[in-house]
Amino acid sequence: MTQRTWGHGAIRLLRGNITEIRADALVTAANDGLRGGGGVDGAIHRAGGPEILEACRRIGGCPTGQAVATTAGELDARWIIHAVGPIWQGGNRGEAELLASAYRQSLRVLADLGGSSIAFPSISTGVYGYPLEAAATVALGAVARHLELETQPSDVTFVLFDARTFDTYTRALETLSASGD
Ligand code: ADP
């Protein structure tokens with residue numbers, strides 16, 4: 001585990017399965033139809049039970065770069081935040097801004113709900129094909145900026161599923177810390 005205090009809070013990097021984490025909100029990498037999917041979204045829906053998909057159906061969808069909250073069902077969290085990251089299309093279709101927005105909006109949704117701790121997966125770097133190093137820089141930059149400007153949520157954990165993703169985020173956090181000093 002790596003931890004850095006930042007602005008009004010802290011950023012932690014963990015290697016693991018997000019469904020086993022306790023936090024006010026767990027973020028899932030959703031599709032814009034909120035239909036459930038594979039990867040981290042499939043894991044969250046399986047572990048949380050059918051209540052989550054029912055809540056998604058009532059909401060109906062969420063544009064790319066935005067986020068919505070539902071019940072966490074049987075998971076050890078108060079909410080699931082469904083964040084829709086961009087599908088990588090080469091880098092000139094606003095992907096970086098949309099990815100940063102998916103993180104920012106997740107933090108904003110939780111702030112509005114009154115929560116203080118949040119766990120993110122690496123949004124868009126699985127099936128959506130976003131290059132990992134670039135995504136790690138965008139993700140950590142968006143969260144760091146939020147922690148500098150806002151007081152809540154203050155406790156941000158990235159739960160990274162495989163060694164390559166964990167190592168890439170660890171290096172990106174070191175680079176960000178060095179540039180921020
Ligand atoms: P996207 O469609 O946004 O690319 P994916 O779910 O395909 O989303 O992948 C996003 C990241 O989530 C990948 O790094 C993948 O390895 C990871 N992942 C898959 N299952 C889990 C899990 N249970 N907990 C945390 N991360 C996970």
# chains A, B, ... in the order shown; residues from 1 in each chain; ligands from 1
call {"tool": "residues_around", "arguments": {"residues": "region 154-160 of chain A", "least_positions_apart": "4", "cutoff": "8 Å", "atoms": "only C-alpha atoms", "output": "list in words"}}
result
His8, Gly9, Ala10, Ile11, Arg12, Leu13, Leu14, Arg15, Gly16, Asn17, Ile18, Ser116, Ser117, Ile118, Ala119, Phe120, Pro121, Ser122, Val143, Leu147, Thr165 and Phe166 of chain A
call {"tool": "residues_around", "arguments": {"residues": "Arg57 (chain A)", "least_positions_apart": "6", "cutoff": "12 Å", "atoms": "only C-alpha atoms", "output": "list in words"}}
result
Asp32, Gly33, Leu34, Arg35, Gly36, Pro50, Glu51 and Thr70 of chain A
call {"tool": "closest_residue", "arguments": {"among": "A:Gly61, A:Pro153, A:Gly73, A:Gly91", "to": "Ile44 (chain A)", "atoms": "only C-alpha atoms"}}
result
A:Gly73
call {"tool": "residues_near_ligand", "arguments": {"ligand": "ligand 1", "cutoff": "10 Å", "atoms": "only C-alpha atoms and all ligand atoms", "output": "count of residues only"}}
result
54
call {"tool": "residues_around", "arguments": {"residues": "Ile59 (chain A)", "least_positions_apart": "3", "cutoff": "9 Å", "atoms": "only C-alpha atoms", "output": "ChimeraX atom specification"}}
result
/A:34,54-56,62,68,70
call {"tool": "atom_distance", "arguments": {"atom1": "CA of Leu149 (chain A)", "atom2": "CA of Thr168 (chain A)"}}
result
25.3 Å
call {"tool": "select_by_dssp", "arguments": {"residues": "region 51-107 of chain A", "states": "alpha helix (DSSP H)", "output": "MDAnalysis selection string"}}
result
chainID A and resid 51:59 95:107
call {"tool": "write_last_selection", "arguments": {"atoms": "N, CA and C atoms", "output": "PDB file, in the first residue's frame"}}
result
ATOM      1  N   GLU A  51     -30.442  -5.523  -6.487  1.00  0.00           N
ATOM      2  CA  GLU A  51     -30.960  -4.194  -6.139  1.00  0.00           C
ATOM      3  C   GLU A  51     -30.232  -3.072  -6.898  1.00  0.00           C
ATOM      4  N   ILE A  52     -28.943  -3.293  -7.136  1.00  0.00           N
ATOM      5  CA  ILE A  52     -28.152  -2.230  -7.786  1.00  0.00           C
ATOM      6  C   ILE A  52     -28.599  -2.060  -9.239  1.00  0.00           C
ATOM      7  N   LEU A  53     -28.771  -3.176  -9.947  1.00  0.00           N
ATOM      8  CA  LEU A  53     -29.202  -3.088 -11.349  1.00  0.00           C
ATOM      9  C   LEU A  53     -30.623  -2.538 -11.438  1.00  0.00           C
ATOM     10  N   GLU A  54     -31.460  -2.884 -10.483  1.00  0.00           N
ATOM     11  CA  GLU A  54     -32.825  -2.311 -10.461  1.00  0.00           C
ATOM     12  C   GLU A  54     -32.763  -0.793 -10.337  1.00  0.00           C
ATOM     13  N   ALA A  55     -31.892  -0.308  -9.453  1.00  0.00           N
ATOM     14  CA  ALA A  55     -31.748   1.148  -9.284  1.00  0.00           C
ATOM     15  C   ALA A  55     -31.198   1.777 -10.564  1.00  0.00           C
ATOM     16  N   CYS A  56     -30.280   1.089 -11.235  1.00  0.00           N
ATOM     17  CA  CYS A  56     -29.725   1.594 -12.504  1.00  0.00           C
ATOM     18  C   CYS A  56     -30.812   1.684 -13.562  1.00  0.00           C
ATOM     19  N   ARG A  57     -31.689   0.679 -13.616  1.00  0.00           N
ATOM     20  CA  ARG A  57     -32.770   0.684 -14.610  1.00  0.00           C
ATOM     21  C   ARG A  57     -33.695   1.867 -14.391  1.00  0.00           C
ATOM     22  N   ARG A  58     -33.940   2.187 -13.136  1.00  0.00           N
ATOM     23  CA  ARG A  58     -34.815   3.341 -12.845  1.00  0.00           C
ATOM     24  C   ARG A  58     -34.162   4.643 -13.313  1.00  0.00           C
ATOM     25  N   ILE A  59     -32.847   4.732 -13.180  1.00  0.00           N
ATOM     26  CA  ILE A  59     -32.140   5.951 -13.615  1.00  0.00           C
ATOM     27  C   ILE A  59     -32.071   5.983 -15.150  1.00  0.00           C
ATOM     28  N   GLU A  95     -10.804  12.361 -24.784  1.00  0.00           N
ATOM     29  CA  GLU A  95     -10.773  11.281 -23.792  1.00  0.00           C
ATOM     30  C   GLU A  95     -10.213  11.722 -22.440  1.00  0.00           C
ATOM     31  N   ALA A  96      -9.141  12.516 -22.456  1.00  0.00           N
ATOM     32  CA  ALA A  96      -8.513  12.896 -21.175  1.00  0.00           C
ATOM     33  C   ALA A  96      -9.473  13.737 -20.345  1.00  0.00           C
ATOM     34  N   GLU A  97     -10.135  14.687 -20.981  1.00  0.00           N
ATOM     35  CA  GLU A  97     -11.072  15.545 -20.247  1.00  0.00           C
ATOM     36  C   GLU A  97     -12.260  14.723 -19.740  1.00  0.00           C
ATOM     37  N   LEU A  98     -12.738  13.790 -20.558  1.00  0.00           N
ATOM     38  CA  LEU A  98     -13.875  12.957 -20.134  1.00  0.00           C
ATOM     39  C   LEU A  98     -13.480  12.043 -18.978  1.00  0.00           C
ATOM     40  N   LEU A  99     -12.254  11.528 -19.017  1.00  0.00           N
ATOM     41  CA  LEU A  99     -11.810  10.659 -17.921  1.00  0.00           C
ATOM     42  C   LEU A  99     -11.662  11.478 -16.629  1.00  0.00           C
ATOM     43  N   ALA A 100     -11.032  12.645 -16.724  1.00  0.00           N
ATOM     44  CA  ALA A 100     -10.899  13.516 -15.541  1.00  0.00           C
ATOM     45  C   ALA A 100     -12.279  13.863 -14.999  1.00  0.00           C
ATOM     46  N   SER A 101     -13.207  14.136 -15.895  1.00  0.00           N
ATOM     47  CA  SER A 101     -14.566  14.495 -15.495  1.00  0.00           C
ATOM     48  C   SER A 101     -15.255  13.344 -14.758  1.00  0.00           C
ATOM     49  N   ALA A 102     -15.052  12.117 -15.214  1.00  0.00           N
ATOM     50  CA  ALA A 102     -15.678  10.963 -14.541  1.00  0.00           C
ATOM     51  C   ALA A 102     -15.208  10.886 -13.078  1.00  0.00           C
ATOM     52  N   TYR A 103     -13.923  11.154 -12.838  1.00  0.00           N
ATOM     53  CA  TYR A 103     -13.412  11.165 -11.454  1.00  0.00           C
ATOM     54  C   TYR A 103     -13.979  12.360 -10.677  1.00  0.00           C
ATOM     55  N   ARG A 104     -13.902  13.550 -11.286  1.00  0.00           N
ATOM     56  CA  ARG A 104     -14.399  14.767 -10.602  1.00  0.00           C
ATOM     57  C   ARG A 104     -15.869  14.643 -10.240  1.00  0.00           C
ATOM     58  N   GLN A 105     -16.665  14.156 -11.188  1.00  0.00           N
ATOM     59  CA  GLN A 105     -18.115  14.061 -10.932  1.00  0.00           C
ATOM     60  C   GLN A 105     -18.405  13.040  -9.840  1.00  0.00           C
ATOM     61  N   SER A 106     -17.650  11.953  -9.794  1.00  0.00           N
ATOM     62  CA  SER A 106     -17.835  10.961  -8.728  1.00  0.00           C
ATOM     63  C   SER A 106     -17.603  11.612  -7.367  1.00  0.00           C
ATOM     64  N   LEU A 107     -16.535  12.409  -7.279  1.00  0.00           N
ATOM     65  CA  LEU A 107     -16.215  13.079  -6.010  1.00  0.00           C
ATOM     66  C   LEU A 107     -17.303  14.079  -5.653  1.00  0.00           C
TER      67      LEU A 107
END
call {"tool": "closest_residue", "arguments": {"among": "A:Ala142, A:Ala72, A:Ala67, A:Leu173", "to": "Ala23 (chain A)", "atoms": "only C-alpha atoms"}}
result
A:Ala72
call {"tool": "atom_distance", "arguments": {"atom1": "CA of Gly94 (chain A)", "atom2": "CA of Thr137 (chain A)"}}
result
15.3 Å
call {"tool": "atom_distance", "arguments": {"atom1": "CA of Thr64 (chain A)", "atom2": "CA of Arg93 (chain A)"}}
result
12.0 Å
call {"tool": "decode", "arguments": {"residues": "region 105-133 of chain A", "atoms": "N, CA and C atoms", "output": "CSV table (one decimal), in the first residue's frame"}}
result
chain,number,residue,atom,x,y,z
A,105,GLN,N,-16.7,14.2,-11.2
A,105,GLN,CA,-18.1,14.1,-10.9
A,105,GLN,C,-18.4,13.0,-9.8
A,106,SER,N,-17.7,12.0,-9.8
A,106,SER,CA,-17.8,11.0,-8.7
A,106,SER,C,-17.6,11.6,-7.4
A,107,LEU,N,-16.5,12.4,-7.3
A,107,LEU,CA,-16.2,13.1,-6.0
A,107,LEU,C,-17.3,14.1,-5.7
A,108,ARG,N,-17.8,14.8,-6.7
A,108,ARG,CA,-18.9,15.8,-6.4
A,108,ARG,C,-20.2,15.1,-6.0
A,109,VAL,N,-20.5,14.0,-6.6
A,109,VAL,CA,-21.7,13.3,-6.2
A,109,VAL,C,-21.6,12.8,-4.8
A,110,LEU,N,-20.5,12.3,-4.4
A,110,LEU,CA,-20.3,11.9,-3.0
A,110,LEU,C,-20.3,13.1,-2.0
A,111,ALA,N,-19.7,14.2,-2.4
A,111,ALA,CA,-19.7,15.4,-1.6
A,111,ALA,C,-21.2,15.8,-1.3
A,112,ASP,N,-22.0,15.8,-2.4
A,112,ASP,CA,-23.4,16.2,-2.3
A,112,ASP,C,-24.2,15.2,-1.3
A,113,LEU,N,-23.8,14.0,-1.3
A,113,LEU,CA,-24.5,13.0,-0.4
A,113,LEU,C,-24.0,13.1,1.0
A,114,GLY,N,-22.9,13.8,1.2
A,114,GLY,CA,-22.3,13.9,2.6
A,114,GLY,C,-21.3,12.9,2.9
A,115,GLY,N,-20.8,12.1,2.0
A,115,GLY,CA,-19.8,11.1,2.3
A,115,GLY,C,-18.4,11.6,2.3
A,116,SER,N,-17.5,10.9,3.0
A,116,SER,CA,-16.1,11.4,3.0
A,116,SER,C,-15.1,10.4,2.5
A,117,SER,N,-15.4,9.1,2.4
A,117,SER,CA,-14.4,8.1,1.9
A,117,SER,C,-14.9,7.5,0.6
A,118,ILE,N,-14.0,7.3,-0.4
A,118,ILE,CA,-14.4,6.8,-1.7
A,118,ILE,C,-13.3,5.9,-2.2
A,119,ALA,N,-13.7,4.8,-2.9
A,119,ALA,CA,-12.7,3.9,-3.5
A,119,ALA,C,-13.0,3.8,-5.0
A,120,PHE,N,-12.0,4.1,-5.8
A,120,PHE,CA,-12.0,4.0,-7.3
A,120,PHE,C,-11.3,2.8,-7.8
A,121,PRO,N,-11.8,2.2,-8.9
A,121,PRO,CA,-11.0,1.3,-9.7
A,121,PRO,C,-10.3,2.2,-10.7
A,122,SER,N,-9.5,1.6,-11.6
A,122,SER,CA,-8.8,2.3,-12.7
A,122,SER,C,-9.8,2.4,-13.9
A,123,ILE,N,-10.6,3.5,-13.9
A,123,ILE,CA,-11.7,3.6,-14.9
A,123,ILE,C,-11.1,3.7,-16.3
A,124,SER,N,-11.7,3.0,-17.2
A,124,SER,CA,-11.5,3.0,-18.7
A,124,SER,C,-10.2,2.2,-19.1
A,125,THR,N,-9.4,1.6,-18.2
A,125,THR,CA,-8.2,1.0,-18.7
A,125,THR,C,-8.4,-0.5,-18.9
A,126,GLY,N,-9.6,-1.0,-18.8
A,126,GLY,CA,-9.9,-2.4,-19.1
A,126,GLY,C,-10.4,-2.5,-20.5
A,127,VAL,N,-11.6,-3.0,-20.7
A,127,VAL,CA,-12.3,-3.1,-22.0
A,127,VAL,C,-12.3,-1.8,-22.8
A,128,TYR,N,-12.3,-0.7,-22.1
A,128,TYR,CA,-12.4,0.6,-22.8
A,128,TYR,C,-11.1,1.1,-23.4
A,129,GLY,N,-10.0,0.4,-23.1
A,129,GLY,CA,-8.7,0.5,-23.8
A,129,GLY,C,-7.9,1.7,-23.6
A,130,TYR,N,-8.2,2.5,-22.5
A,130,TYR,CA,-7.4,3.7,-22.3
A,130,TYR,C,-6.0,3.3,-21.9
A,131,PRO,N,-4.9,3.9,-22.5
A,131,PRO,CA,-3.6,3.5,-22.2
A,131,PRO,C,-3.3,3.8,-20.7
A,132,LEU,N,-2.7,2.8,-20.0
A,132,LEU,CA,-2.6,2.8,-18.6
A,132,LEU,C,-1.9,4.0,-18.0
A,133,GLU,N,-0.7,4.2,-18.5
A,133,GLU,CA,0.1,5.3,-17.9
A,133,GLU,C,-0.6,6.7,-18.0
